[in-house]
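The structure file target02.cif is reproduced below (mmCIF, C-alpha atoms).
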```
data_final
#
loop_
_atom_site.group_PDB
_atom_site.id
_atom_site.type_symbol
_atom_site.label_atom_id
_atom_site.label_comp_id
_atom_site.auth_asym_id
_atom_site.auth_seq_id
_atom_site.Cartn_x
_atom_site.Cartn_y
_atom_site.Cartn_z
ATOM 1 C CA MET A 18 24.182 23.547 23.001
ATOM 2 C CA PHE A 19 20.378 23.231 22.947
ATOM 3 C CA LEU A 20 20.227 24.541 19.380
ATOM 4 C CA VAL A 21 22.936 22.117 18.254
ATOM 5 C CA ASN A 22 21.161 19.158 19.812
ATOM 6 C CA THR A 23 17.831 20.214 18.317
ATOM 7 C CA PHE A 24 19.346 20.577 14.838
ATOM 8 C CA PHE A 25 20.985 17.148 15.122
ATOM 9 C CA LEU A 26 17.683 15.571 16.146
ATOM 10 C CA LEU A 27 15.905 17.082 13.141
ATOM 11 C CA LEU A 28 18.561 15.695 10.810
ATOM 12 C CA VAL A 29 18.279 12.246 12.330
ATOM 13 C CA LEU A 30 14.526 12.308 11.896
ATOM 14 C CA GLY A 31 14.986 13.052 8.212
ATOM 15 C CA ILE A 32 13.225 16.423 8.216
ATOM 16 C CA GLN A 33 14.169 18.531 5.194
ATOM 17 C CA ILE A 34 15.561 21.927 6.194
ATOM 18 C CA GLN A 35 15.156 24.347 3.310
ATOM 19 C CA ARG A 36 15.515 28.075 2.827
ATOM 20 C CA LYS A 37 11.839 28.552 3.499
ATOM 21 C CA GLY A 38 12.045 26.725 6.806
ATOM 22 C CA ILE A 39 11.218 23.241 8.002
ATOM 23 C CA TYR A 40 8.947 21.189 5.794
ATOM 24 C CA ALA A 41 7.694 17.909 7.129
ATOM 25 C CA ARG A 42 4.458 16.142 7.818
ATOM 26 C CA PRO A 43 3.822 14.255 11.049
ATOM 27 C CA SER A 44 3.834 10.500 10.681
ATOM 28 C CA SER A 45 0.390 8.949 10.455
ATOM 29 C CA ASP A 46 -1.154 7.162 13.394
ATOM 30 C CA ILE A 47 -1.506 3.805 11.694
ATOM 31 C CA ARG A 48 -0.859 1.532 14.624
ATOM 32 C CA ARG A 49 -4.519 1.157 15.560
ATOM 33 C CA SER A 50 -5.416 -2.517 15.535
ATOM 34 C CA CYS A 51 -8.087 -3.963 13.275
ATOM 35 C CA PRO A 52 -10.764 -6.388 14.521
ATOM 36 C CA SER A 53 -9.662 -9.978 14.950
ATOM 37 C CA THR A 54 -10.458 -12.354 12.109
ATOM 38 C CA GLY A 55 -10.552 -15.346 14.451
ATOM 39 C CA ILE A 56 -13.453 -16.892 16.351
ATOM 40 C CA PRO A 57 -14.764 -14.381 18.946
ATOM 41 C CA GLN A 58 -13.895 -15.274 22.501
ATOM 42 C CA GLY A 59 -16.491 -17.513 24.110
ATOM 43 C CA SER A 60 -18.008 -18.515 20.776
ATOM 44 C CA GLN A 61 -18.090 -21.917 19.122
ATOM 45 C CA ARG A 62 -16.564 -22.820 15.783
ATOM 46 C CA GLY A 63 -18.827 -24.760 13.486
ATOM 47 C CA VAL A 64 -17.952 -27.509 11.015
ATOM 48 C CA ASN A 65 -18.603 -26.072 7.572
ATOM 49 C CA VAL A 66 -19.554 -29.417 5.981
ATOM 50 C CA ARG A 67 -23.070 -30.869 5.803
ATOM 51 C CA HIS A 68 -23.993 -34.555 5.941
ATOM 52 C CA ASP A 69 -23.799 -34.724 2.112
ATOM 53 C CA ASN A 70 -20.216 -33.363 2.149
ATOM 54 C CA LYS A 71 -21.354 -30.025 0.783
ATOM 55 C CA PRO A 72 -20.555 -26.748 2.586
ATOM 56 C CA VAL A 73 -22.947 -25.028 4.947
ATOM 57 C CA PHE A 74 -21.710 -21.616 3.713
ATOM 58 C CA LYS A 75 -19.463 -20.671 0.803
ATOM 59 C CA ILE A 76 -17.961 -17.804 -1.196
ATOM 60 C CA ASP A 77 -18.943 -17.494 -4.849
ATOM 61 C CA VAL A 78 -16.724 -15.265 -7.016
ATOM 62 C CA GLY A 79 -18.037 -16.392 -10.394
ATOM 63 C CA GLY A 80 -15.585 -16.877 -13.232
ATOM 64 C CA ILE A 81 -12.795 -14.645 -11.954
ATOM 65 C CA GLN A 82 -11.229 -17.499 -9.968
ATOM 66 C CA LYS A 83 -10.740 -19.441 -13.194
ATOM 67 C CA HIS A 84 -10.068 -16.628 -15.659
ATOM 68 C CA GLY A 85 -8.426 -14.068 -13.371
ATOM 69 C CA TYR A 86 -9.225 -10.461 -12.566
ATOM 70 C CA GLU A 87 -8.689 -7.312 -14.606
ATOM 71 C CA SER A 88 -7.027 -4.431 -12.757
ATOM 72 C CA GLY A 89 -9.446 -1.679 -11.729
ATOM 73 C CA GLN A 90 -12.521 -3.763 -12.554
ATOM 74 C CA GLN A 91 -15.272 -4.138 -9.937
ATOM 75 C CA TYR A 92 -16.527 -7.637 -9.114
ATOM 76 C CA GLU A 93 -19.215 -9.165 -6.915
ATOM 77 C CA VAL A 94 -18.191 -11.486 -4.089
ATOM 78 C CA ASN A 95 -21.195 -13.457 -2.847
ATOM 79 C CA VAL A 96 -21.393 -15.215 0.513
ATOM 80 C CA LEU A 97 -24.293 -17.654 0.582
ATOM 81 C CA ALA A 98 -25.740 -20.723 2.245
ATOM 82 C CA GLN A 99 -25.772 -23.990 0.303
ATOM 83 C CA ASP A 100 -29.310 -24.707 1.495
ATOM 84 C CA PRO A 101 -31.804 -22.017 0.372
ATOM 85 C CA ASN A 102 -33.633 -22.442 3.679
ATOM 86 C CA THR A 103 -30.518 -21.703 5.748
ATOM 87 C CA GLN A 104 -29.675 -18.159 6.781
ATOM 88 C CA PHE A 105 -26.734 -16.452 8.477
ATOM 89 C CA GLY A 106 -26.251 -13.395 10.655
ATOM 90 C CA ASP A 107 -23.054 -11.364 10.497
ATOM 91 C CA VAL A 108 -20.318 -11.804 7.876
ATOM 92 C CA LEU A 109 -16.738 -10.531 7.970
ATOM 93 C CA LEU A 110 -14.917 -10.415 4.633
ATOM 94 C CA TRP A 111 -11.212 -9.639 4.451
ATOM 95 C CA LEU A 112 -8.458 -9.638 1.833
ATOM 96 C CA GLN A 113 -4.817 -10.705 1.883
ATOM 97 C CA THR A 114 -2.149 -10.155 -0.768
ATOM 98 C CA GLU A 115 0.576 -12.657 -1.590
ATOM 99 C CA SER A 116 2.993 -9.918 -2.684
ATOM 100 C CA ASP A 117 4.522 -7.143 -0.619
ATOM 101 C CA ARG A 118 4.620 -4.999 -3.753
ATOM 102 C CA CYS A 119 0.875 -5.195 -4.434
ATOM 103 C CA LYS A 120 -2.239 -3.993 -2.647
ATOM 104 C CA VAL A 121 -5.512 -5.828 -2.106
ATOM 105 C CA GLY A 122 -7.802 -3.558 -4.087
ATOM 106 C CA LYS A 123 -10.846 -1.809 -2.646
ATOM 107 C CA LEU A 124 -13.900 -3.136 -0.855
ATOM 108 C CA GLY A 125 -17.255 -1.420 -1.214
ATOM 109 C CA ALA A 126 -18.101 0.482 1.958
ATOM 110 C CA THR A 127 -21.554 1.943 1.282
ATOM 111 C CA LYS A 128 -23.133 2.960 4.589
ATOM 112 C CA GLY A 129 -26.181 0.939 5.468
ATOM 113 C CA LEU A 130 -24.839 -2.096 3.615
ATOM 114 C CA TYR A 131 -21.263 -2.440 4.793
ATOM 115 C CA LEU A 132 -19.333 -1.471 7.899
ATOM 116 C CA GLN A 133 -15.626 -0.875 7.397
ATOM 117 C CA PRO A 134 -13.472 -0.486 10.537
ATOM 118 C CA GLU A 135 -11.386 2.678 10.662
ATOM 119 C CA ASN A 136 -7.893 2.283 9.161
ATOM 120 C CA CYS A 137 -8.751 -1.249 7.986
ATOM 121 C CA PRO A 138 -9.406 -0.952 4.228
ATOM 122 C CA HIS A 139 -8.747 -4.679 3.727
ATOM 123 C CA MET A 140 -11.861 -5.786 5.639
ATOM 124 C CA VAL A 141 -15.572 -5.077 5.772
ATOM 125 C CA PHE A 142 -18.592 -6.369 7.716
ATOM 126 C CA LYS A 143 -22.132 -7.022 6.512
ATOM 127 C CA ASP A 144 -24.064 -4.156 8.063
ATOM 128 C CA THR A 145 -27.664 -5.262 7.619
ATOM 129 C CA LYS A 146 -29.607 -6.564 10.603
ATOM 130 C CA PRO A 147 -31.915 -9.209 9.098
ATOM 131 C CA ALA A 148 -30.524 -12.705 8.663
ATOM 132 C CA ALA A 149 -29.902 -13.566 5.011
ATOM 133 C CA HIS A 150 -29.404 -16.532 2.716
ATOM 134 C CA LYS A 151 -27.061 -14.546 0.444
ATOM 135 C CA PHE A 152 -25.095 -11.321 0.752
ATOM 136 C CA THR A 153 -23.083 -9.524 -1.921
ATOM 137 C CA PHE A 154 -19.844 -7.607 -1.372
ATOM 138 C CA LYS A 155 -18.235 -5.310 -3.950
ATOM 139 C CA TRP A 156 -14.506 -5.635 -4.694
ATOM 140 C CA THR A 157 -12.406 -3.524 -7.068
ATOM 141 C CA ALA A 158 -9.346 -5.466 -8.234
ATOM 142 C CA PRO A 159 -5.832 -4.127 -7.543
ATOM 143 C CA ALA A 160 -3.091 -3.414 -10.042
ATOM 144 C CA CYS A 161 -1.185 -6.642 -9.454
ATOM 145 C CA GLY A 162 -0.715 -9.756 -7.346
ATOM 146 C CA CYS A 163 -2.745 -12.767 -6.266
ATOM 147 C CA ILE A 164 -5.367 -12.061 -3.596
ATOM 148 C CA LEU A 165 -6.932 -14.297 -0.949
ATOM 149 C CA ILE A 166 -10.573 -13.492 -0.214
ATOM 150 C CA ARG A 167 -11.641 -14.891 3.176
ATOM 151 C CA ALA A 168 -14.939 -14.894 5.019
ATOM 152 C CA ARG A 169 -16.122 -15.603 8.566
ATOM 153 C CA VAL A 170 -19.845 -16.368 8.758
ATOM 154 C CA GLU A 171 -21.991 -16.161 11.878
ATOM 155 C CA SER A 172 -24.960 -18.488 12.293
ATOM 156 C CA ALA A 173 -28.409 -16.891 12.351
ATOM 157 C CA ASP A 174 -28.748 -17.513 16.092
ATOM 158 C CA LYS A 175 -25.282 -15.939 16.667
ATOM 159 C CA SER A 176 -23.991 -19.006 18.512
ATOM 160 C CA VAL A 177 -21.602 -20.536 15.951
ATOM 161 C CA TYR A 178 -19.003 -19.137 13.562
ATOM 162 C CA PHE A 179 -17.760 -20.726 10.345
ATOM 163 C CA MET A 180 -14.374 -20.022 8.767
ATOM 164 C CA GLU A 181 -11.282 -21.802 7.453
ATOM 165 C CA ASP A 182 -7.783 -22.194 8.802
ATOM 166 C CA GLU A 183 -5.120 -19.690 7.845
ATOM 167 C CA ASP A 184 -3.197 -22.220 5.745
ATOM 168 C CA VAL A 185 -6.176 -22.853 3.434
ATOM 169 C CA VAL A 186 -5.801 -20.920 0.162
ATOM 170 C CA ASN A 187 -8.710 -22.426 -1.777
ATOM 171 C CA GLY A 188 -11.744 -23.685 0.090
ATOM 172 C CA TYR A 189 -15.409 -23.012 0.666
ATOM 173 C CA LEU A 190 -14.785 -19.754 2.552
ATOM 174 C CA THR A 191 -11.422 -18.851 1.011
ATOM 175 C CA LYS A 192 -10.796 -18.030 -2.647
ATOM 176 C CA ARG A 193 -7.488 -17.271 -4.333
ATOM 177 C CA ILE A 194 -7.824 -14.802 -7.224
ATOM 178 C CA CYS A 195 -4.951 -13.893 -9.570
ATOM 179 C CA PRO A 196 -4.596 -11.437 -12.489
ATOM 180 C CA GLN A 197 -5.638 -12.519 -15.943
ATOM 181 C CA GLU A 198 -2.936 -14.272 -17.934
ATOM 182 C CA GLY A 199 -1.233 -11.979 -20.371
ATOM 183 C CA SER A 200 -1.828 -8.921 -18.195
ATOM 184 C CA VAL A 201 0.178 -5.878 -19.218
ATOM 185 C CA THR A 202 3.612 -5.670 -17.561
ATOM 186 C CA LEU A 203 5.312 -2.472 -16.469
ATOM 187 C CA LYS A 204 7.639 -2.593 -19.478
ATOM 188 C CA GLN A 205 4.632 -2.663 -21.790
ATOM 189 C CA MET A 206 2.851 0.234 -20.092
ATOM 190 C CA SER A 207 2.884 3.764 -21.436
ATOM 191 C CA LYS A 208 4.095 6.569 -19.186
ATOM 192 C CA GLN A 209 0.497 7.683 -18.561
ATOM 193 C CA GLU A 210 -0.486 4.137 -17.563
ATOM 194 C CA LYS A 211 2.432 3.973 -15.138
ATOM 195 C CA TYR A 212 1.389 7.264 -13.535
ATOM 196 C CA LYS A 213 -2.155 5.956 -13.180
ATOM 197 C CA LEU A 214 -0.813 2.781 -11.560
ATOM 198 C CA LEU A 215 1.359 4.815 -9.176
ATOM 199 C CA CYS A 216 -1.663 6.835 -8.068
ATOM 200 C CA GLU A 217 -3.676 3.663 -7.564
ATOM 201 C CA VAL A 218 -1.127 1.871 -5.388
ATOM 202 C CA THR A 219 -0.437 5.047 -3.376
ATOM 203 C CA ASP A 220 -4.091 5.720 -2.645
ATOM 204 C CA GLY A 221 -4.728 4.729 0.944
ATOM 205 C CA ALA A 222 -1.107 3.692 1.540
ATOM 206 C CA THR A 223 0.394 4.401 4.956
ATOM 207 C CA ALA A 224 4.013 5.107 5.798
ATOM 208 C CA ASP A 225 4.141 2.410 8.464
ATOM 209 C CA ASP A 226 2.846 -0.204 6.030
ATOM 210 C CA VAL A 227 5.442 0.747 3.392
ATOM 211 C CA ALA A 228 8.302 0.798 5.913
ATOM 212 C CA ARG A 229 7.455 -2.708 7.132
ATOM 213 C CA ARG A 230 7.065 -4.352 3.728
ATOM 214 C CA THR A 231 9.469 -7.213 3.126
ATOM 215 C CA TYR A 232 10.327 -5.909 -0.353
ATOM 216 C CA VAL A 233 11.292 -2.469 0.980
ATOM 217 C CA GLN A 234 13.409 -3.933 3.787
ATOM 218 C CA THR A 235 15.134 -6.375 1.445
ATOM 219 C CA ARG A 236 15.928 -3.643 -1.073
ATOM 220 C CA ARG A 237 17.333 -1.445 1.689
ATOM 221 C CA LYS A 238 19.016 -4.407 3.415
ATOM 222 C CA VAL A 239 17.550 -3.609 6.818
ATOM 223 C CA ASP A 240 15.317 -5.246 9.405
ATOM 224 C CA PHE A 241 12.792 -2.624 10.457
ATOM 225 C CA SER A 242 11.862 -4.507 13.630
ATOM 226 C CA LYS A 243 15.470 -4.325 14.853
ATOM 227 C CA MET A 244 15.991 -0.624 14.168
ATOM 228 C CA PRO A 245 16.289 1.767 17.114
ATOM 229 C CA TRP A 246 12.966 3.526 17.626
ATOM 230 C CA ILE A 247 14.329 6.879 16.468
ATOM 231 C CA GLU A 248 15.398 5.336 13.130
ATOM 232 C CA GLN A 249 11.984 3.712 12.778
ATOM 233 C CA GLU A 250 10.334 7.103 13.281
ATOM 234 C CA ALA A 251 12.705 8.628 10.708
ATOM 235 C CA TRP A 252 11.706 6.005 8.144
ATOM 236 C CA ILE A 253 8.004 6.484 8.803
ATOM 237 C CA LEU A 254 8.361 10.262 8.581
ATOM 238 C CA VAL A 255 10.109 10.291 5.219
ATOM 239 C CA PHE A 256 7.847 7.633 3.691
ATOM 240 C CA ASP A 257 4.866 9.622 4.909
ATOM 241 C CA GLN A 258 6.208 12.726 3.177
ATOM 242 C CA ARG A 259 6.896 10.837 -0.065
ATOM 243 C CA ILE A 260 3.379 9.351 -0.091
ATOM 244 C CA PHE A 261 1.929 12.798 0.613
ATOM 245 C CA GLU A 262 3.799 14.366 -2.333
ATOM 246 C CA VAL A 263 2.593 11.688 -4.750
ATOM 247 C CA GLN A 264 -0.978 11.896 -3.493
ATOM 248 C CA GLN A 265 -1.019 15.668 -4.028
ATOM 249 C CA CYS A 266 0.001 15.142 -7.659
ATOM 250 C CA CYS A 267 -2.616 12.432 -8.121
ATOM 251 C CA LYS A 268 -5.356 14.881 -7.086
ATOM 252 C CA MET A 269 -4.613 16.965 -10.172
ATOM 253 C CA ILE A 270 -6.239 16.504 -13.543
ATOM 254 C CA PRO A 271 -4.442 13.888 -15.704
ATOM 255 C CA SER A 272 -2.828 16.512 -17.957
ATOM 256 C CA GLU A 273 -1.081 18.073 -14.931
ATOM 257 C CA GLN A 274 -0.162 14.872 -13.088
ATOM 258 C CA GLU A 275 2.794 14.027 -15.328
ATOM 259 C CA ASN A 276 4.652 17.300 -14.751
ATOM 260 C CA CYS A 277 3.926 17.178 -11.030
ATOM 261 C CA LEU A 278 5.172 13.593 -10.565
ATOM 262 C CA SER A 279 8.196 14.265 -12.795
ATOM 263 C CA ASP A 280 9.087 17.285 -10.661
ATOM 264 C CA VAL A 281 8.863 15.222 -7.460
ATOM 265 C CA ARG A 282 11.200 12.612 -8.940
ATOM 266 C CA ARG A 283 13.686 15.174 -10.313
ATOM 267 C CA HIS A 284 13.680 16.942 -6.969
ATOM 268 C CA ARG A 285 14.795 13.741 -5.235
ATOM 269 C CA ILE A 286 17.477 13.035 -7.851
ATOM 270 C CA ASP A 287 18.844 16.581 -7.624
ATOM 271 C CA LYS A 288 19.077 16.342 -3.849
ATOM 272 C CA PHE A 289 20.928 13.056 -4.066
ATOM 273 C CA CYS A 290 23.353 14.354 -6.678
ATOM 274 C CA ALA A 291 24.002 17.571 -4.781
ATOM 275 C CA TYR A 292 24.281 16.207 -1.255
ATOM 276 C CA GLY A 293 24.896 12.473 -1.668
ATOM 277 C CA GLU A 294 21.919 11.479 0.462
ATOM 278 C CA SER A 295 18.415 10.251 -0.253
ATOM 279 C CA ILE A 296 15.262 11.359 1.536
ATOM 280 C CA VAL A 297 15.037 7.741 2.719
ATOM 281 C CA PRO A 298 18.263 7.308 4.727
ATOM 282 C CA PHE A 299 20.817 4.925 3.275
ATOM 283 C CA THR A 300 21.965 1.914 5.238
ATOM 284 C CA ASP A 301 25.669 1.388 5.802
ATOM 285 C CA LYS A 302 25.515 -1.664 3.537
ATOM 286 C CA ARG A 303 24.300 0.428 0.584
ATOM 287 C CA ARG A 304 26.304 3.598 1.117
ATOM 288 C CA ASP A 305 29.374 2.589 -0.920
ATOM 289 C CA PHE A 306 27.158 1.428 -3.788
ATOM 290 C CA MET A 307 25.199 4.694 -3.858
ATOM 291 C CA ILE A 308 28.370 6.792 -3.724
ATOM 292 C CA LYS A 309 29.560 4.918 -6.795
ATOM 293 C CA ARG A 310 26.246 5.571 -8.523
ATOM 294 C CA GLN A 311 26.561 9.248 -7.685
ATOM 295 C CA ASP A 312 30.010 9.420 -9.287
ATOM 296 C CA GLU A 313 28.960 7.487 -12.386
ATOM 297 C CA CYS A 314 25.499 8.888 -13.073
ATOM 298 C CA CYS A 315 24.999 12.406 -11.753
ATOM 299 C CA TRP A 316 27.306 14.102 -14.240
ATOM 300 C CA ARG A 317 25.277 12.549 -17.054
ATOM 301 C CA LEU A 318 22.116 14.124 -15.702
ATOM 302 C CA GLY A 319 23.753 17.518 -15.541
ATOM 303 C CA SER A 320 22.614 17.772 -11.942
ATOM 304 C CA LEU A 321 25.838 17.838 -9.948
ATOM 305 C CA TYR A 322 25.389 21.188 -8.228
ATOM 306 C CA THR A 323 27.136 22.888 -5.371
ATOM 307 C CA GLU A 324 25.182 23.479 -2.197
ATOM 308 C CA ASN A 325 25.094 27.215 -2.879
ATOM 309 C CA ASP A 326 23.482 27.235 -6.307
ATOM 310 C CA MET A 327 21.463 24.025 -6.229
ATOM 311 C CA ASP A 328 18.245 25.483 -4.800
ATOM 312 C CA ASP A 329 18.051 28.378 -7.296
ATOM 313 C CA ASP A 330 18.742 26.131 -10.255
ATOM 314 C CA LEU A 331 16.254 23.576 -9.047
ATOM 315 C CA GLN A 332 13.574 26.245 -8.718
ATOM 316 C CA ASN A 333 14.167 27.320 -12.313
ATOM 317 C CA LYS A 334 13.690 23.737 -13.494
ATOM 318 C CA LEU A 335 10.542 23.290 -11.458
ATOM 319 C CA ASN A 336 9.104 26.437 -13.040
ATOM 320 C CA ASP A 337 9.984 25.159 -16.519
ATOM 321 C CA PRO A 338 10.205 21.309 -16.514
ATOM 322 C CA ASP A 339 10.988 21.250 -20.247
ATOM 323 C CA LYS A 340 14.471 22.581 -19.531
ATOM 324 C CA GLU A 341 15.601 19.187 -18.282
ATOM 325 C CA ARG A 342 15.438 16.361 -20.761
ATOM 326 C CA ASN A 343 17.727 13.363 -21.052
#
```
Would you write out, as structure tokens, the structure that this file holds?
Amino acid sequence: MFLVNTFFLLLVLGIQIQRKGIYARPSSDIRRSCPSTGIPQGSQRGVNVRHDNKPVFKIDVGGIQKHGYESGQQYEVNVLAQDPNTQFGDVLLWLQTESDRCKVGKLGATKGLYLQPENCPHMVFKDTKPAAHKFTFKWTAPACGCILIRARVESADKSVYFMEDEDVVNGYLTKRICPQEGSVTLKQMSKQEKYKLLCEVTDGATADDVARRTYVQTRRKVDFSKMPWIEQEAWILVFDQRIFEVQQCCKMIPSEQENCLSDVRRHRIDKFCAYGESIVPFTDKRRDFMIKRQDECCWRLGSLYTENDMDDDLQNKLNDPDKERN
């Protein structure tokens, strides 16, 4: 009875049981909280407007706010005082994306200049002790989506903090940056460009973040927050494994990435066609639809195998990817 219960638990958790044993990676510990972006407790919030209606402090992003960013390009984000004689102490810069499908890009985290909290790639602190009139952050633009760049500035005497309300999308200490008009769409990208984009958006991704994204929940027709905890853990586990597989391929040289990523994708398709299940568990609302897709599509792929011969045939294809072509 113990063995039966253990086997059932492993299946529920979404662990793949293969001939070589159990293959699964533990879910990442991504629930650590990041520093608050609000006014520190016991501190005063300053009014970021001078007597001449100009800001005390502001963000300057140059021309990218007007013309848009180019994916993968690095830009300077300057936080500065309007008055050259005014200085500030600490600065917290953080990024927000308007799309669940897109990331926020990368912030420079050079030690001695910037301090980035652990597991918080969307934020960074100024890490220089002297007060300054101007401080420059480095930001590498993401693959897609509009980004909000926000700053919280501490006065030089550390008594007052300046920032804007959450509902402000364009202000002195908040800038909204979008991609350049006419940016290449997925349909226009070559296969190599798509693989490069996949590696970029997967870099630094966490399973918990993916599982909680509105787009993922809508596509799967589920509410992650209302799932039983064991189903939540199953989701996180399988997303963690999928991210891990992609990241391993992305570590390879470009000429080897394509075969590796293609094998990962074919492996998932073959499993679905053979067993009728996806590594990410189906919801009851999608099951009938996916069964129909299995009946209509798998025979065209030539991948409708029996449970007995599927693993051997799959291994042959993985050894020689050119054997399977649509």
Expanded to explicit residues, what is the PyMOL selection byres ((chain A and resi 70-74) around 9) for this file, as a VMD selection string?
-> chain A and resid 64 to 69 75 to 76 96 to 100 103 105 170 179 189 to 190
Store the residues picked out above, limited to C-alpha atoms, as a PDB file, in the frame of the given file.
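For reference, out_4.pdb as written:
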```pdb
ATOM      1  CA  VAL A  64     -17.952 -27.509  11.015  1.00  0.00           C
ATOM      2  CA  ASN A  65     -18.603 -26.072   7.572  1.00  0.00           C
ATOM      3  CA  VAL A  66     -19.554 -29.417   5.981  1.00  0.00           C
ATOM      4  CA  ARG A  67     -23.070 -30.869   5.803  1.00  0.00           C
ATOM      5  CA  HIS A  68     -23.993 -34.555   5.941  1.00  0.00           C
ATOM      6  CA  ASP A  69     -23.799 -34.724   2.112  1.00  0.00           C
ATOM      7  CA  LYS A  75     -19.463 -20.671   0.803  1.00  0.00           C
ATOM      8  CA  ILE A  76     -17.961 -17.804  -1.196  1.00  0.00           C
ATOM      9  CA  VAL A  96     -21.393 -15.215   0.513  1.00  0.00           C
ATOM     10  CA  LEU A  97     -24.293 -17.654   0.582  1.00  0.00           C
ATOM     11  CA  ALA A  98     -25.740 -20.723   2.245  1.00  0.00           C
ATOM     12  CA  GLN A  99     -25.772 -23.990   0.303  1.00  0.00           C
ATOM     13  CA  ASP A 100     -29.310 -24.707   1.495  1.00  0.00           C
ATOM     14  CA  THR A 103     -30.518 -21.703   5.748  1.00  0.00           C
ATOM     15  CA  PHE A 105     -26.734 -16.452   8.477  1.00  0.00           C
ATOM     16  CA  VAL A 170     -19.845 -16.368   8.758  1.00  0.00           C
ATOM     17  CA  PHE A 179     -17.760 -20.726  10.345  1.00  0.00           C
ATOM     18  CA  TYR A 189     -15.409 -23.012   0.666  1.00  0.00           C
ATOM     19  CA  LEU A 190     -14.785 -19.754   2.552  1.00  0.00           C
TER      20      LEU A 190
END
```
So which residues get picked by the PyMOL selection byres ((chain A and resi 167) around 9) here, written as a VMD selection string?
-> chain A and resid 76 109 to 113 165 to 166 168 to 169 180 to 181 186 190 to 193
Quick one: what's the axis-aligned box for range 75-87 of chain A, all listed atoms, 6 Å on every side, centre and edges in Å to one decimal, as lines of an AutoDock Vina configuration file?
```
center_x = -13.9
center_y = -14.0
center_z = -7.4
size_x = 23.0
size_y = 25.4
size_z = 28.5
```
Exactly which residues make up the result of the PyMOL selection byres ((chain A and resi 156-163) around 10) on this file, given as a ChimeraX atom specification?
-> /A:85-94,112-126,153-155,164-166,193-197,200-202,213-215,217-218
Between CA of Ser242 in chain A and CA of Ile260 in chain A, distance in Å (one decimal) = 21.3 Å
What is the distance between CA of Gln311 in chain A and CA of Asp257 in chain A, in Å to one decimal?
->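 The value is 25.1 Å.
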Nearest to Lys175 in chain A among A:Gln82, A:Asn95, A:Gln104, A:Thr235, with distances taken over all atoms listed in the file: which residue is it?
-> A:Gln104
Could you state the separation of CA of Asp312 in chain A and CA of Asp287 in chain A in Å, given to one decimal place?
->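 So the answer is 13.4 Å.
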For Pro57 in chain A, which residue among A:Val227, A:Ile247, A:Ile308, A:Val177 is the nearest when counting all atoms listed in the file?
-> A:Val177
Counting all atoms listed in the file, which residues come within 6 Å of (11.9, -7.3, 7.1), with the point read in the file's coordinates, and could you list them as a PyMOL selection string?
-> chain A and resi 231+234+240-241
